[in-house]
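Structure file work-v2.csv (CSV, C-alpha atoms) follows.
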```csv
chain,number,residue,atom,x,y,z
A,1425,MET,CA,129.6,19.7,154.1
A,1426,GLU,CA,129.7,22.4,151.4
A,1427,VAL,CA,127.0,21.0,149.1
A,1428,MET,CA,127.8,23.3,146.2
A,1429,GLN,CA,131.5,22.1,146.2
A,1430,VAL,CA,130.9,18.4,146.9
A,1431,LEU,CA,127.6,17.3,145.3
A,1432,HIS,CA,127.7,16.0,141.7
A,1433,MET,CA,126.7,12.8,139.9
A,1434,ASN,CA,129.5,10.4,139.1
A,1435,ASN,CA,131.3,11.8,136.1
A,1436,GLY,CA,132.7,10.0,133.0
A,1437,GLU,CA,131.4,6.8,131.4
A,1438,GLY,CA,132.8,4.1,133.8
A,1439,GLU,CA,130.8,1.3,135.4
A,1440,THR,CA,129.8,3.5,138.4
A,1441,SER,CA,129.1,6.6,136.3
A,1442,TYR,CA,125.8,8.4,136.2
A,1443,ALA,CA,125.9,8.1,132.5
A,1444,LYS,CA,125.6,4.3,132.7
A,1445,ASN,CA,123.4,4.2,135.8
A,1446,SER,CA,120.6,6.7,135.3
A,1447,ASN,CA,117.7,4.7,133.8
A,1448,ILE,CA,115.4,5.5,136.7
A,1449,GLN,CA,115.9,9.2,136.1
A,1450,ARG,CA,115.2,8.6,132.4
A,1451,LYS,CA,112.0,6.9,133.1
A,1452,ILE,CA,110.9,9.8,135.4
A,1453,ILE,CA,111.6,12.2,132.5
A,1454,SER,CA,109.5,10.1,130.1
A,1455,ALA,CA,106.7,9.8,132.6
A,1456,THR,CA,106.2,13.6,132.6
A,1457,ASN,CA,106.2,14.0,128.8
A,1458,SER,CA,102.4,14.7,128.6
A,1459,ILE,CA,102.7,17.5,131.2
A,1460,LEU,CA,105.8,18.9,129.4
A,1461,LYS,CA,103.8,19.1,126.1
A,1462,GLU,CA,101.0,20.8,127.9
A,1463,ALA,CA,103.3,23.4,129.4
A,1464,ILE,CA,105.1,24.2,126.0
A,1465,LEU,CA,101.8,24.5,124.2
A,1466,ASN,CA,100.5,26.9,126.8
A,1467,ILE,CA,103.6,29.0,126.3
A,1468,MET,CA,103.3,29.1,122.5
A,1469,CYS,CA,99.6,29.8,122.5
A,1470,ASN,CA,99.2,32.2,125.4
A,1471,ILE,CA,102.4,34.3,125.8
A,1472,ASN,CA,102.2,37.4,123.7
A,1473,ASN,CA,99.6,35.7,121.6
A,1474,LYS,CA,99.1,38.7,119.4
A,1475,ASN,CA,102.6,38.1,117.9
A,1476,VAL,CA,104.5,35.0,117.0
A,1477,LEU,CA,107.3,34.2,119.5
A,1478,GLU,CA,110.5,34.6,117.5
A,1479,SER,CA,112.9,33.6,120.4
A,1480,ILE,CA,112.2,31.2,123.3
A,1481,GLY,CA,114.4,30.9,126.4
A,1482,VAL,CA,114.5,27.4,127.9
A,1483,ALA,CA,116.5,26.3,131.0
A,1484,ASP,CA,117.1,22.8,132.4
A,1485,LEU,CA,118.2,23.0,136.0
A,1486,GLY,CA,120.2,20.1,137.4
A,1487,CYS,CA,120.9,18.8,133.9
A,1488,SER,CA,123.8,16.5,135.0
A,1489,SER,CA,125.6,14.7,132.1
A,1490,GLY,CA,125.2,11.6,130.0
A,1491,PRO,CA,122.4,10.3,127.8
A,1492,ASN,CA,119.6,12.0,129.8
A,1493,THR,CA,121.0,15.6,129.5
A,1494,LEU,CA,119.6,16.5,126.1
A,1495,MET,CA,116.5,14.3,126.4
A,1496,VAL,CA,114.2,17.0,127.6
A,1497,VAL,CA,115.6,19.5,125.2
A,1498,SER,CA,115.0,17.1,122.3
A,1499,GLU,CA,111.4,16.6,123.4
A,1500,ILE,CA,110.8,20.4,123.6
A,1501,ILE,CA,112.2,20.8,120.1
A,1502,ASP,CA,109.9,18.1,118.8
A,1503,ILE,CA,106.9,19.8,120.4
A,1504,ILE,CA,107.8,23.3,119.1
A,1505,ASP,CA,108.5,21.9,115.6
A,1506,GLU,CA,105.2,20.1,115.5
A,1507,THR,CA,103.3,23.2,116.7
A,1508,SER,CA,105.1,25.5,114.4
A,1509,ARG,CA,104.3,23.4,111.4
A,1510,LYS,CA,100.6,23.1,112.3
A,1511,CYS,CA,100.3,26.9,112.7
A,1512,GLY,CA,102.3,27.6,109.6
A,1513,ILE,CA,105.0,29.6,111.3
A,1514,SER,CA,108.7,29.5,111.3
A,1515,PHE,CA,110.7,27.5,113.9
A,1516,PRO,CA,111.6,30.1,116.5
A,1517,GLU,CA,115.1,30.8,117.8
A,1518,LEU,CA,115.8,28.6,120.8
A,1519,ARG,CA,118.1,29.8,123.6
A,1520,ILE,CA,118.8,26.7,125.8
A,1521,SER,CA,120.6,27.0,129.1
A,1522,LEU,CA,121.9,23.8,130.8
A,1523,ASN,CA,122.6,24.4,134.5
A,1524,ASP,CA,124.2,22.3,137.2
A,1525,LEU,CA,126.7,22.7,140.1
A,1526,PRO,CA,130.3,23.4,139.1
A,1527,GLY,CA,131.4,19.8,139.7
A,1528,ASN,CA,129.1,18.5,136.9
A,1529,ASP,CA,130.8,17.0,133.8
A,1530,PHE,CA,130.0,19.9,131.5
A,1531,ASN,CA,132.8,18.8,129.1
A,1532,ASP,CA,130.8,15.6,128.4
A,1533,ILE,CA,127.8,17.7,127.5
A,1534,PHE,CA,129.9,20.0,125.2
A,1535,ARG,CA,131.3,17.0,123.4
A,1536,SER,CA,127.8,15.7,122.6
A,1537,LEU,CA,126.6,19.0,121.1
A,1538,PRO,CA,128.0,18.8,117.5
A,1539,SER,CA,126.0,15.6,116.9
A,1540,PHE,CA,123.0,17.0,118.6
A,1541,PHE,CA,123.0,20.2,116.4
A,1542,HIS,CA,123.5,18.0,113.3
A,1543,LYS,CA,120.5,15.9,114.3
A,1544,VAL,CA,118.3,18.9,114.9
A,1545,LYS,CA,119.3,20.4,111.5
A,1546,GLU,CA,118.7,17.2,109.6
A,1547,GLU,CA,115.4,16.3,111.2
A,1548,LYS,CA,113.9,19.8,111.8
A,1549,GLY,CA,115.8,22.0,109.4
A,1550,ALA,CA,116.5,24.3,112.4
A,1551,GLU,CA,119.8,26.1,112.6
A,1552,ASN,CA,118.8,28.7,115.2
A,1553,CYS,CA,119.3,26.6,118.3
A,1554,TYR,CA,121.9,27.8,120.8
A,1555,VAL,CA,123.1,25.9,123.9
A,1556,VAL,CA,125.1,27.3,126.8
A,1557,GLY,CA,126.3,25.7,130.1
A,1558,VAL,CA,125.5,27.6,133.2
A,1559,PRO,CA,127.4,26.4,136.3
A,1560,GLY,CA,126.0,27.5,139.7
A,1561,SER,CA,123.4,26.7,142.3
A,1562,PHE,CA,119.7,27.1,141.4
A,1563,TYR,CA,119.2,28.4,145.0
A,1564,GLY,CA,120.2,31.8,143.6
A,1565,ARG,CA,119.9,33.9,140.4
A,1566,LEU,CA,121.2,32.3,137.2
A,1567,PHE,CA,119.7,34.2,134.3
A,1568,PRO,CA,119.0,37.8,133.1
A,1569,GLN,CA,115.6,39.4,133.8
A,1570,LYS,CA,112.7,38.0,131.8
A,1571,SER,CA,114.9,35.9,129.6
A,1572,MET,CA,113.2,32.5,130.2
A,1573,HIS,CA,109.9,31.2,128.9
A,1574,PHE,CA,110.2,27.7,130.2
A,1575,VAL,CA,112.2,26.2,133.1
A,1576,HIS,CA,112.5,22.5,133.7
A,1577,SER,CA,114.1,20.5,136.5
A,1578,SER,CA,114.0,16.7,137.0
A,1579,SER,CA,115.4,14.7,139.9
A,1580,SER,CA,117.2,17.6,141.4
A,1581,LEU,CA,115.1,19.8,143.8
A,1582,HIS,CA,115.1,17.1,146.5
A,1583,TRP,CA,118.7,18.2,147.1
A,1584,LEU,CA,118.9,20.9,149.7
A,1585,SER,CA,121.3,23.9,149.5
A,1586,GLN,CA,122.9,22.6,152.8
A,1587,VAL,CA,122.6,20.1,155.6
A,1588,PRO,CA,119.8,21.5,157.8
A,1589,LEU,CA,120.9,24.0,160.3
A,1590,GLY,CA,122.1,22.4,163.5
A,1591,LEU,CA,122.7,19.0,161.9
A,1592,GLY,CA,126.1,19.8,160.4
A,1593,THR,CA,129.3,17.9,161.4
A,1594,ASN,CA,130.4,20.4,164.1
A,1595,ASN,CA,127.0,21.3,165.5
A,1596,ALA,CA,125.6,20.3,168.9
A,1597,MET,CA,122.6,18.6,167.3
A,1598,SER,CA,124.7,16.6,164.8
A,1599,SER,CA,124.4,13.4,166.9
A,1600,LEU,CA,120.7,13.7,167.5
A,1601,ASN,CA,120.0,11.5,164.5
A,1602,LYS,CA,122.4,8.8,165.9
A,1603,GLY,CA,123.0,6.0,163.5
A,1604,LYS,CA,121.0,7.5,160.7
A,1605,LEU,CA,121.8,9.5,157.6
A,1606,TYR,CA,118.4,11.1,157.0
A,1607,ILE,CA,114.9,11.3,158.5
A,1608,SER,CA,113.9,7.9,159.9
A,1609,HIS,CA,111.0,6.6,162.0
A,1610,THR,CA,113.4,6.8,165.0
A,1611,SER,CA,114.4,10.5,164.3
A,1612,PRO,CA,113.5,12.9,167.0
A,1613,SER,CA,111.1,15.9,166.2
A,1614,ASP,CA,114.0,18.3,166.3
A,1615,VAL,CA,115.7,16.5,163.4
A,1616,ILE,CA,112.4,16.3,161.4
A,1617,ASN,CA,111.6,20.0,162.0
A,1618,ALA,CA,115.2,21.0,160.9
A,1619,TYR,CA,114.7,19.2,157.6
A,1620,VAL,CA,111.2,20.6,157.0
A,1621,SER,CA,112.4,24.1,157.7
A,1622,GLN,CA,115.4,23.8,155.4
A,1623,PHE,CA,113.2,22.6,152.6
A,1624,GLN,CA,110.7,25.4,153.0
A,1625,ASN,CA,113.6,28.0,153.0
A,1626,ASP,CA,115.3,26.5,150.0
A,1627,PHE,CA,112.2,26.0,147.9
A,1628,SER,CA,111.0,29.5,148.6
A,1629,THR,CA,114.5,30.8,147.6
A,1630,PHE,CA,114.3,28.8,144.4
A,1631,LEU,CA,111.0,30.3,143.5
A,1632,ARG,CA,112.2,33.9,144.4
A,1633,SER,CA,115.2,33.3,142.2
A,1634,ARG,CA,113.2,32.1,139.2
A,1635,SER,CA,110.5,34.7,139.3
A,1636,PRO,CA,112.4,37.7,137.9
A,1637,GLU,CA,114.0,35.4,135.3
A,1638,ILE,CA,110.8,34.1,133.7
A,1639,VAL,CA,108.5,36.2,131.5
A,1640,PRO,CA,104.9,36.7,132.8
A,1641,GLY,CA,102.9,33.7,131.8
A,1642,GLY,CA,106.0,31.5,131.5
A,1643,ARG,CA,106.0,28.0,132.8
A,1644,MET,CA,108.1,25.8,135.1
A,1645,LEU,CA,107.9,22.0,135.2
A,1646,LEU,CA,109.6,20.5,138.3
A,1647,SER,CA,109.8,16.8,139.2
A,1648,LEU,CA,111.6,15.6,142.3
A,1649,MET,CA,111.6,12.7,144.8
A,1650,GLY,CA,108.6,13.2,147.1
A,1651,ARG,CA,106.1,11.3,149.2
A,1652,SER,CA,102.3,11.0,149.3
A,1653,SER,CA,101.8,11.4,153.0
A,1654,ILE,CA,102.2,14.5,155.2
A,1655,ASP,CA,104.2,12.3,157.6
A,1656,PRO,CA,107.9,12.4,156.6
A,1657,THR,CA,108.7,9.2,158.4
A,1658,ILE,CA,106.6,6.9,156.3
A,1659,GLU,CA,108.4,4.6,153.9
A,1660,ASP,CA,107.3,6.2,150.7
A,1661,GLY,CA,109.4,9.2,151.6
A,1662,CYS,CA,112.5,7.2,150.5
A,1663,TYR,CA,114.0,7.2,154.0
A,1664,TYR,CA,114.6,3.4,153.7
A,1665,GLN,CA,117.2,3.9,151.0
A,1666,TRP,CA,119.1,6.1,153.5
A,1667,ASP,CA,118.4,3.7,156.4
A,1668,LEU,CA,119.9,0.8,154.3
A,1669,LEU,CA,122.9,2.8,153.5
A,1670,ALA,CA,123.3,3.6,157.2
A,1671,ASN,CA,123.0,-0.1,157.9
A,1672,ALA,CA,125.7,-0.9,155.3
A,1673,LEU,CA,128.0,1.7,157.0
A,1674,SER,CA,127.3,0.1,160.4
A,1675,ASN,CA,128.3,-3.3,158.9
A,1676,LEU,CA,131.7,-1.7,158.0
A,1677,VAL,CA,131.9,-0.3,161.6
A,1678,SER,CA,131.8,-3.9,162.9
A,1679,LYS,CA,134.7,-4.7,160.5
A,1680,GLY,CA,136.7,-1.8,161.7
A,1681,GLN,CA,136.5,0.0,158.4
A,1682,VAL,CA,134.4,3.0,159.5
A,1683,GLU,CA,134.3,4.9,162.8
A,1684,GLU,CA,130.8,5.0,164.4
A,1685,GLU,CA,131.1,8.7,165.1
A,1686,LYS,CA,131.4,9.3,161.3
A,1687,ILE,CA,127.9,7.9,160.8
A,1688,ASP,CA,126.5,10.0,163.6
A,1689,SER,CA,127.9,13.2,162.1
A,1690,PHE,CA,126.6,12.7,158.6
A,1691,ASN,CA,123.2,14.0,157.6
A,1692,ALA,CA,122.2,14.0,153.9
A,1693,PRO,CA,121.3,17.4,152.3
A,1694,TYR,CA,118.1,15.8,150.9
A,1695,TYR,CA,114.3,16.1,151.5
A,1696,ALA,CA,111.4,14.4,149.8
A,1697,PRO,CA,108.4,16.7,150.3
A,1698,CYS,CA,104.7,16.0,150.1
A,1699,PRO,CA,102.3,18.0,147.8
A,1700,GLU,CA,101.0,20.0,150.7
A,1701,GLU,CA,104.5,21.3,151.6
A,1702,VAL,CA,105.1,22.4,148.0
A,1703,LYS,CA,101.7,24.1,147.9
A,1704,ILE,CA,102.5,26.0,151.1
A,1705,ALA,CA,105.9,27.2,149.7
A,1706,VAL,CA,104.3,28.3,146.4
A,1707,GLU,CA,101.4,30.2,148.1
A,1708,ASN,CA,103.7,31.9,150.6
A,1709,GLU,CA,106.2,33.0,148.0
A,1710,GLY,CA,103.4,34.3,145.7
A,1711,SER,CA,105.0,34.6,142.3
A,1712,PHE,CA,103.6,31.4,140.7
A,1713,MET,CA,100.3,29.6,140.3
A,1714,ILE,CA,100.2,25.8,140.4
A,1715,ASP,CA,98.7,24.4,137.2
A,1716,ARG,CA,99.1,20.8,138.2
A,1717,ILE,CA,100.6,18.9,141.1
A,1718,GLU,CA,100.6,15.1,141.3
A,1719,THR,CA,102.6,12.0,142.3
A,1720,PHE,CA,103.5,8.8,140.6
A,1721,GLU,CA,105.4,5.7,141.6
A,1722,ILE,CA,108.4,4.0,140.0
A,1723,GLU,CA,110.1,0.8,141.2
A,1724,TRP,CA,113.6,1.0,142.6
A,1725,ASP,CA,115.2,-0.8,139.7
A,1726,ALA,CA,112.8,0.6,137.1
A,1727,ARG,CA,112.5,-2.9,135.6
A,1728,VAL,CA,115.0,-2.0,133.0
A,1729,SER,CA,118.5,-2.9,132.3
A,1730,SER,CA,121.2,-0.3,132.8
A,1731,ASN,CA,123.2,1.6,130.1
A,1732,SER,CA,126.2,-0.2,131.5
A,1733,SER,CA,128.1,-3.1,130.1
A,1734,ASP,CA,126.5,-6.4,129.2
A,1735,ASP,CA,127.5,-8.1,132.4
A,1736,LYS,CA,125.2,-5.7,134.2
A,1737,ILE,CA,122.3,-8.1,133.4
A,1738,LEU,CA,124.0,-10.7,135.7
A,1739,LEU,CA,123.7,-8.5,138.8
A,1740,SER,CA,120.9,-8.9,141.3
A,1741,ARG,CA,118.2,-6.3,141.6
A,1742,GLY,CA,119.8,-5.1,144.8
A,1743,GLN,CA,123.2,-4.6,143.1
A,1744,GLN,CA,121.5,-2.7,140.2
A,1745,VAL,CA,119.9,-0.4,142.7
A,1746,ALA,CA,123.3,0.0,144.5
A,1747,LYS,CA,124.9,1.1,141.3
A,1748,THR,CA,122.1,3.7,140.7
A,1749,ILE,CA,122.4,5.0,144.2
A,1750,ARG,CA,126.2,5.1,144.1
A,1751,ALA,CA,126.2,7.1,140.9
A,1752,VAL,CA,124.2,9.7,142.7
A,1753,VAL,CA,125.5,9.9,146.3
A,1754,GLU,CA,129.1,8.7,146.0
A,1755,SER,CA,130.6,12.2,145.8
A,1756,MET,CA,129.0,13.2,149.2
A,1757,VAL,CA,129.6,9.9,150.9
A,1758,GLU,CA,133.2,9.7,149.7
A,1759,ASN,CA,133.9,13.2,150.9
A,1760,HIS,CA,132.8,12.3,154.4
A,1761,PHE,CA,133.9,8.6,154.8
A,1762,GLY,CA,136.8,8.4,152.3
A,1763,ASN,CA,137.3,6.7,149.0
A,1764,GLU,CA,138.8,3.4,150.2
A,1765,ILE,CA,135.5,2.0,151.5
A,1766,MET,CA,133.3,2.8,148.5
A,1767,ASP,CA,133.4,-0.6,146.8
A,1768,ASP,CA,132.8,-2.5,150.0
A,1769,LEU,CA,130.1,-0.1,151.1
A,1770,PHE,CA,128.0,-0.4,148.0
A,1771,SER,CA,128.5,-4.2,147.8
A,1772,VAL,CA,127.0,-4.6,151.3
A,1773,TYR,CA,124.3,-2.0,150.4
A,1774,GLY,CA,123.3,-4.1,147.4
A,1775,ASP,CA,123.0,-7.2,149.5
A,1776,LEU,CA,120.8,-5.3,152.0
A,1777,VAL,CA,118.6,-4.0,149.2
A,1778,ASP,CA,118.2,-7.5,147.9
A,1779,ASP,CA,117.0,-8.7,151.3
A,1780,TYR,CA,114.6,-5.7,151.6
A,1781,ILE,CA,113.0,-5.9,148.2
A,1782,TYR,CA,112.5,-9.7,148.6
A,1783,LYS,CA,110.1,-8.9,151.4
A,1784,LYS,CA,108.1,-6.1,149.9
A,1785,LYS,CA,107.5,-4.0,146.8
A,1786,VAL,CA,109.7,-0.9,147.0
A,1787,VAL,CA,109.0,2.2,145.0
A,1788,TYR,CA,110.1,5.8,144.6
A,1789,VAL,CA,107.4,8.4,144.9
A,1790,ASN,CA,108.0,11.2,142.4
A,1791,LEU,CA,106.3,14.6,142.8
A,1792,VAL,CA,105.5,16.6,139.7
A,1793,VAL,CA,104.6,20.3,139.8
A,1794,SER,CA,103.6,22.5,136.8
A,1795,LEU,CA,103.7,26.2,137.6
A,1796,LYS,CA,102.8,29.4,135.8
A,1797,CYS,CA,104.6,32.7,136.4
A,1798,LYS,CA,102.0,35.3,137.4
A,1799,GLU,CA,101.3,38.1,135.0
```

Transcribe the structure of this file into C-alpha cells.
Amino acid sequence: MEVMQVLHMNNGEGETSYAKNSNIQRKIISATNSILKEAILNIMCNINNKNVLESIGVADLGCSSGPNTLMVVSEIIDIIDETSRKCGISFPELRISLNDLPGNDFNDIFRSLPSFFHKVKEEKGAENCYVVGVPGSFYGRLFPQKSMHFVHSSSSLHWLSQVPLGLGTNNAMSSLNKGKLYISHTSPSDVINAYVSQFQNDFSTFLRSRSPEIVPGGRMLLSLMGRSSIDPTIEDGCYYQWDLLANALSNLVSKGQVEEEKIDSFNAPYYAPCPEEVKIAVENEGSFMIDRIETFEIEWDARVSSNSSDDKILLSRGQQVAKTIRAVVESMVENHFGNEIMDDLFSVYGDLVDDYIYKKKVVYVNLVVSLKCKE
C-alpha cells in the first residue's frame, strides 16, 4: 500500500464524509485548548522578546477538510488578538499553512476561506492573515528554513508513512498477523517489533524534518491516538477497533464476499504509542525539548451527535462509531478490499461495536505532546 497515494479522510459532505463524521476529532482539539494557549503565549512572550513579532508562521499538519480544519487556526487568532490587545501592540501578520496528503479535499478548504477571512476582519479587524495549502507528507520537509513559529497536528501522527517493513502485501511476513489488521493480543513478537520500529523511524523523521523549519524557541503541539501502558497489546492501544473490523471482514468471508487471504495480507499503517516511546524518539533526535506530555480519554462515540443529517440520531452507538471509523479508514480499506463491500462491511462492524460497548466502557486514549525547538 502506498500510504501517501491512498490515505485520505472521506471527501465531500455526504453521509459517510469526514466533514459529517468528525466530532470525536473536534472534541480532541477542544480538549487541548489550554495547552495550545500556553504554547502560543510562550511564543509571543519569549521569542525575540526584545522586539515585537511582526510576522508569525503557523502550520497545521494533517488538516483534513470540513468544519474542524480552521478550528485551531481560529483559536490561535483569538489568543494572538487577546494578547496583542493586552500588550498594546498591533495584530501581527499571520502566515498560515494547511498541510495534508495530496488526496485531501483542499478545494473544500479553499471554498471556506472567503467567509473565514470576512469573519476575522469583522471580529478582529485583521486583514493581514494569509492561508496557503501545502500538499505532501509530513514525513519530509514542507516549509522553508526558520519560517515557522508554531506547528500543530491533531489526530494525524498515529498514521505511519508505510506499512511496517516485512508486513506489506507481497512480503514473506505478511501472513504472520493472520486474521488481524493491526497489533492484537495474538500478534507474534515479530509483528509488534515491526510496528514499534516503524513508529520510531517515522517519528524521528518527522522531528528531523520540522527542526530546520521552526525558529529557535518555536513550539509544536501534537495530539495523536496513543496508549497509557508500555505494552502495545493492551486494549487502550485501540487495537480492539481494528480487531472488530477484522471480525467484520471475517463475517463477510463466511458469506463469500471477501477472500480470507485478503485479510491476512492487510496490515494498517497505524501505531498508537505510549508516552515513553515518544520521549525516547524526542531524546534520540535531539532538536526539541518536551514541555508537556500527557494522556486523556474520550469515549468512542464522544457522547455527541454527528454533524450528519437528523436521522443520525436514530442510529445506535455502534453505528455512529462505524460512521466515524468509515470516514477515516475507508480509503485504505476500499483500496485493498474493493468498493462493493463497504456498506455491508461497516454495517456489520457497527453491530459488532454495539455488542462490544454493551459489555464494557470503551475509550480512545489520546496522547498530547508540547515541544520547544532548542535554541

>> Every residue with an atom at most 7 Å from (108.1, 26.6, 136.4) (file coordinates; only C-alpha atoms) is what I'm after, so could you write them as a PyMOL selection string?
In response: chain A and resi 1574-1576+1643-1646+1794-1796

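Across A:Lys1747, A:His1582, A:Lys1570, A:Arg1519, the tightest approach to A:Cys1553 is made by A:Arg1519 when counting only C-alpha atoms.
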
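Of the residues under consideration (A:Glu1701, A:Asp1484, A:Glu1478, A:Glu1799), A:Glu1478 shows the shortest atom-to-atom contact distance to A:Ile1513 when counting only C-alpha atoms.
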
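With only C-alpha atoms as the atoms that count, the minimum distance from A:Leu1431 to the choices A:Pro1516, A:Pro1526, A:Gly1710, A:Gly1549 is reached by A:Pro1526.
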
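Closest approach to A:Met1428 among A:Ala1705, A:Met1495, A:Met1756, A:Ile1722: A:Met1756, based on only C-alpha atoms.
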
> A:Ser1577, A:Asn1492, A:Asn1763, A:Ser1635: which is nearest A:Ser1536, counting all atoms listed in the file?
Replying inline: A:Asn1492

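Distance-wise, atom CA of A:Asn1528 and atom CA of A:Val1497 end up 17.9 Å apart.
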
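Of the residues under consideration (A:Ser1633, A:Pro1559, A:Gly1641, A:Phe1541), A:Gly1641 shows the shortest atom-to-atom contact distance to A:Leu1465 when counting all atoms listed in the file.
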
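Note that the spacing between atom CA of A:Ser1647 and atom CA of A:Leu1791 amounts to 5.5 Å.
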